[in-house]
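Notes follow the structure.
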Amino acid sequence: ENDRLAQETLAWETAFECPFEEMAQYQNYISESSGFGTHQGVKGLEFPRVLVILDDEAARGNLFKYERLFGVEPLSATDIKNQRDGIETSIERTRRLLYVACSRAENSLALVAYTSSPMTLSKTAVELDWFSEREIDIIS
């Protein structure tokens with residue numbers, strides 16, 4: 001009980017240190033009235049312009065792995081076993097999630113991928129015929 005109370009007190013102290021404008025923007029985000037959403041949270045919505053950010057390091061959990069989908073990271077032992085057994089892998093889940101995020105765009109779509117190997121990611125994206133070489137910019 002004391003630990004929970006200490007965590008709650010710390011959370012409130014941290015919140016009170018934020019500028020009001022940040023709190024207002026956070027409220028917009030959690031009430032889904034901002035221009036931002038999670039990959040899962042935008043399902044069924046449409047927007048004229050969409051920017052999808054791919055960043056495994058900032059993601060929580062391990063159900064989705066963009067680095068694996070784009071060949072930067074090898075398959076896990078679980079993925080290899082699941083592939084062999086005909087069970088869904090993180091690659092399939094991630095591909096569906098990417099589709100959900102990207103298919104929200106009505107007119108234009110941009111992806112930003114934070115990756116340890118931009119060249120591998122780029123090469124895979126072209127090989128999969130998801131993007132052409134002229135559509136990819138690598139910025140170091």
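Each chain in the structure tokens gets a letter, A, B, ..., in the order shown, and its residues are numbered from 1; ligands are numbered from 1 in order too.
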
Can you list, as JSON, numbers by chain, every protein, DNA or RNA residue that comes within 8 Å of Leu51 in chain A when you count only C-alpha atoms, leaving out same-chain residues fewer than 2 positions away? {"A": [49, 53, 109, 110, 111, 112]}

Keeping only all heavy atoms, write those residues as an mmCIF file, in the first residue's frame.
```cif
data_model
loop_
_atom_site.group_PDB
_atom_site.id
_atom_site.type_symbol
_atom_site.label_atom_id
_atom_site.label_comp_id
_atom_site.auth_asym_id
_atom_site.auth_seq_id
_atom_site.Cartn_x
_atom_site.Cartn_y
_atom_site.Cartn_z
ATOM 1 N N ARG A 49 -3.542 13.019 -44.721
ATOM 2 C CA ARG A 49 -2.096 12.760 -44.701
ATOM 3 C C ARG A 49 -1.763 11.968 -43.444
ATOM 4 O O ARG A 49 -2.239 12.286 -42.356
ATOM 5 C CB ARG A 49 -1.321 14.079 -44.699
ATOM 6 C CG ARG A 49 -1.447 14.853 -46.003
ATOM 7 C CD ARG A 49 -0.842 16.242 -45.909
ATOM 8 N NE ARG A 49 -1.449 17.074 -44.876
ATOM 9 C CZ ARG A 49 -2.638 17.662 -44.972
ATOM 10 N NH1 ARG A 49 -3.365 17.501 -46.041
ATOM 11 N NH2 ARG A 49 -3.102 18.409 -43.996
ATOM 12 N N ILE A 53 5.293 6.222 -37.747
ATOM 13 C CA ILE A 53 6.629 6.120 -37.149
ATOM 14 C C ILE A 53 6.847 4.687 -36.694
ATOM 15 O O ILE A 53 6.050 4.138 -35.938
ATOM 16 C CB ILE A 53 6.783 7.106 -35.972
ATOM 17 C CG1 ILE A 53 6.602 8.535 -36.489
ATOM 18 C CG2 ILE A 53 8.138 6.923 -35.288
ATOM 19 C CD1 ILE A 53 6.569 9.595 -35.424
ATOM 20 N N LEU A 109 1.115 9.391 -47.735
ATOM 21 C CA LEU A 109 1.637 8.573 -46.656
ATOM 22 C C LEU A 109 3.144 8.736 -46.584
ATOM 23 O O LEU A 109 3.824 8.734 -47.608
ATOM 24 C CB LEU A 109 1.308 7.095 -46.916
ATOM 25 C CG LEU A 109 1.984 6.062 -46.030
ATOM 26 C CD1 LEU A 109 1.458 6.163 -44.591
ATOM 27 C CD2 LEU A 109 1.765 4.660 -46.596
ATOM 28 N N ALA A 110 3.655 8.895 -45.379
ATOM 29 C CA ALA A 110 5.101 8.910 -45.154
ATOM 30 C C ALA A 110 5.405 8.004 -43.977
ATOM 31 O O ALA A 110 4.636 7.948 -43.016
ATOM 32 C CB ALA A 110 5.588 10.334 -44.863
ATOM 33 N N LEU A 111 6.499 7.286 -44.067
ATOM 34 C CA LEU A 111 6.958 6.437 -42.972
ATOM 35 C C LEU A 111 8.319 6.927 -42.521
ATOM 36 O O LEU A 111 9.149 7.288 -43.350
ATOM 37 C CB LEU A 111 7.102 4.974 -43.419
ATOM 38 C CG LEU A 111 5.872 4.106 -43.344
ATOM 39 C CD1 LEU A 111 4.911 4.433 -44.446
ATOM 40 C CD2 LEU A 111 6.270 2.658 -43.401
ATOM 41 N N VAL A 112 8.517 6.944 -41.224
ATOM 42 C CA VAL A 112 9.825 7.219 -40.639
ATOM 43 C C VAL A 112 10.180 5.977 -39.840
ATOM 44 O O VAL A 112 9.434 5.575 -38.955
ATOM 45 C CB VAL A 112 9.801 8.458 -39.717
ATOM 46 C CG1 VAL A 112 11.130 8.615 -39.006
ATOM 47 C CG2 VAL A 112 9.444 9.701 -40.507
#
```

Which residues in range 48-96 of chain A does DSSP call alpha helix (DSSP H)? List them as a PyMOL selection string. chain A and resi 66-69+77-85+90-96

Would you mind exporting the chosen residues as a PDB file, in the first residue's frame, restricted to N, CA and C atoms?
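result_24.pdb, written as the output of this step:
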```pdb
ATOM      1  N   TYR A  66       9.139  -4.334 -36.110  1.00  0.00           N
ATOM      2  CA  TYR A  66       9.398  -3.812 -37.456  1.00  0.00           C
ATOM      3  C   TYR A  66      10.791  -4.198 -37.943  1.00  0.00           C
ATOM      4  N   GLU A  67      11.750  -4.264 -37.044  1.00  0.00           N
ATOM      5  CA  GLU A  67      13.104  -4.654 -37.432  1.00  0.00           C
ATOM      6  C   GLU A  67      13.100  -6.077 -38.005  1.00  0.00           C
ATOM      7  N   ARG A  68      12.283  -6.959 -37.460  1.00  0.00           N
ATOM      8  CA  ARG A  68      12.167  -8.324 -38.003  1.00  0.00           C
ATOM      9  C   ARG A  68      11.444  -8.314 -39.336  1.00  0.00           C
ATOM     10  N   LEU A  69      10.362  -7.557 -39.409  1.00  0.00           N
ATOM     11  CA  LEU A  69       9.572  -7.500 -40.640  1.00  0.00           C
ATOM     12  C   LEU A  69      10.432  -7.066 -41.821  1.00  0.00           C
ATOM     13  N   ALA A  77      13.580 -17.489 -31.885  1.00  0.00           N
ATOM     14  CA  ALA A  77      13.373 -18.941 -31.822  1.00  0.00           C
ATOM     15  C   ALA A  77      11.879 -19.254 -31.826  1.00  0.00           C
ATOM     16  N   THR A  78      11.097 -18.416 -31.146  1.00  0.00           N
ATOM     17  CA  THR A  78       9.641 -18.614 -31.107  1.00  0.00           C
ATOM     18  C   THR A  78       9.038 -18.444 -32.495  1.00  0.00           C
ATOM     19  N   ASP A  79       9.494 -17.420 -33.233  1.00  0.00           N
ATOM     20  CA  ASP A  79       8.985 -17.218 -34.590  1.00  0.00           C
ATOM     21  C   ASP A  79       9.333 -18.399 -35.488  1.00  0.00           C
ATOM     22  N   ILE A  80      10.542 -18.909 -35.367  1.00  0.00           N
ATOM     23  CA  ILE A  80      10.962 -20.050 -36.187  1.00  0.00           C
ATOM     24  C   ILE A  80      10.098 -21.266 -35.869  1.00  0.00           C
ATOM     25  N   LYS A  81       9.874 -21.507 -34.590  1.00  0.00           N
ATOM     26  CA  LYS A  81       9.027 -22.633 -34.173  1.00  0.00           C
ATOM     27  C   LYS A  81       7.595 -22.426 -34.666  1.00  0.00           C
ATOM     28  N   ASN A  82       7.070 -21.214 -34.498  1.00  0.00           N
ATOM     29  CA  ASN A  82       5.707 -20.931 -34.941  1.00  0.00           C
ATOM     30  C   ASN A  82       5.569 -21.086 -36.453  1.00  0.00           C
ATOM     31  N   GLN A  83       6.576 -20.628 -37.208  1.00  0.00           N
ATOM     32  CA  GLN A  83       6.551 -20.797 -38.661  1.00  0.00           C
ATOM     33  C   GLN A  83       6.477 -22.281 -39.012  1.00  0.00           C
ATOM     34  N   ARG A  84       7.311 -23.058 -38.372  1.00  0.00           N
ATOM     35  CA  ARG A  84       7.377 -24.499 -38.624  1.00  0.00           C
ATOM     36  C   ARG A  84       6.040 -25.162 -38.290  1.00  0.00           C
ATOM     37  N   ASP A  85       5.386 -24.689 -37.210  1.00  0.00           N
ATOM     38  CA  ASP A  85       4.136 -25.288 -36.757  1.00  0.00           C
ATOM     39  C   ASP A  85       2.888 -24.656 -37.392  1.00  0.00           C
ATOM     40  N   SER A  90       5.524 -13.088 -35.145  1.00  0.00           N
ATOM     41  CA  SER A  90       5.573 -11.630 -34.950  1.00  0.00           C
ATOM     42  C   SER A  90       5.631 -10.912 -36.297  1.00  0.00           C
ATOM     43  N   ILE A  91       6.187 -11.551 -37.309  1.00  0.00           N
ATOM     44  CA  ILE A  91       6.251 -10.955 -38.653  1.00  0.00           C
ATOM     45  C   ILE A  91       4.833 -10.739 -39.196  1.00  0.00           C
ATOM     46  N   GLU A  92       3.995 -11.741 -39.087  1.00  0.00           N
ATOM     47  CA  GLU A  92       2.626 -11.619 -39.597  1.00  0.00           C
ATOM     48  C   GLU A  92       1.834 -10.573 -38.831  1.00  0.00           C
ATOM     49  N   ARG A  93       1.980 -10.557 -37.503  1.00  0.00           N
ATOM     50  CA  ARG A  93       1.278  -9.544 -36.688  1.00  0.00           C
ATOM     51  C   ARG A  93       1.753  -8.142 -37.058  1.00  0.00           C
ATOM     52  N   THR A  94       3.058  -8.002 -37.233  1.00  0.00           N
ATOM     53  CA  THR A  94       3.626  -6.690 -37.548  1.00  0.00           C
ATOM     54  C   THR A  94       3.200  -6.236 -38.937  1.00  0.00           C
ATOM     55  N   ARG A  95       3.164  -7.151 -39.902  1.00  0.00           N
ATOM     56  CA  ARG A  95       2.735  -6.803 -41.263  1.00  0.00           C
ATOM     57  C   ARG A  95       1.289  -6.297 -41.245  1.00  0.00           C
ATOM     58  N   ARG A  96       0.430  -6.968 -40.486  1.00  0.00           N
ATOM     59  CA  ARG A  96      -0.973  -6.509 -40.387  1.00  0.00           C
ATOM     60  C   ARG A  96      -1.071  -5.143 -39.716  1.00  0.00           C
TER      61      ARG A  96
END
```

Residues of range 2-101 of chain A in strand (DSSP E or B), written as a JSON list (two decimals) with N, CA and C atoms, in the first residue's frame:
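Written out: states-v7.json:
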```json
[["chain", "number", "residue", "atom", "x", "y", "z"],
["A", 47, "PHE", "N", -7.43, 9.69, -42.73],
["A", 47, "PHE", "CA", -6.88, 11.04, -42.65],
["A", 47, "PHE", "C", -6.32, 11.39, -44.02],
["A", 48, "PRO", "N", -6.37, 12.68, -44.40],
["A", 48, "PRO", "CA", -5.78, 13.07, -45.69],
["A", 48, "PRO", "C", -4.30, 12.72, -45.78],
["A", 49, "ARG", "N", -3.54, 13.02, -44.72],
["A", 49, "ARG", "CA", -2.10, 12.76, -44.70],
["A", 49, "ARG", "C", -1.76, 11.97, -43.44],
["A", 50, "VAL", "N", -0.92, 10.96, -43.63],
["A", 50, "VAL", "CA", -0.54, 10.10, -42.50],
["A", 50, "VAL", "C", 0.97, 9.97, -42.45],
["A", 51, "LEU", "N", 1.50, 10.11, -41.24],
["A", 51, "LEU", "CA", 2.92, 9.85, -40.97],
["A", 51, "LEU", "C", 2.96, 8.69, -39.99],
["A", 52, "VAL", "N", 3.59, 7.59, -40.40],
["A", 52, "VAL", "CA", 3.70, 6.40, -39.55],
["A", 52, "VAL", "C", 5.13, 6.32, -39.05],
["A", 53, "ILE", "N", 5.29, 6.22, -37.75],
["A", 53, "ILE", "CA", 6.63, 6.12, -37.15],
["A", 53, "ILE", "C", 6.85, 4.69, -36.69],
["A", 54, "LEU", "N", 7.94, 4.10, -37.17],
["A", 54, "LEU", "CA", 8.32, 2.73, -36.82],
["A", 54, "LEU", "C", 9.53, 2.81, -35.91],
["A", 55, "ASP", "N", 9.37, 2.38, -34.67],
["A", 55, "ASP", "CA", 10.46, 2.47, -33.71],
["A", 55, "ASP", "C", 10.32, 1.37, -32.67]]
```

Distance in Å - CA of Pro118 in chain A versus CA of Gly71 in chain A: 10.6 Å

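Compared by their closest atoms to Gly44 in chain A, and using only C-alpha atoms, the residues A:Thr14, A:Thr9, A:Ser103, A:Ser31 rank with A:Ser103 nearest.
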
Shortest interatomic distance to Ile139 in chain A - which of A:Ser108, A:Thr115, A:Thr89, A:Ser34, counting only C-alpha atoms: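 Ranked by minimum distance to Ile139 in chain A, first place goes to A:Thr115.
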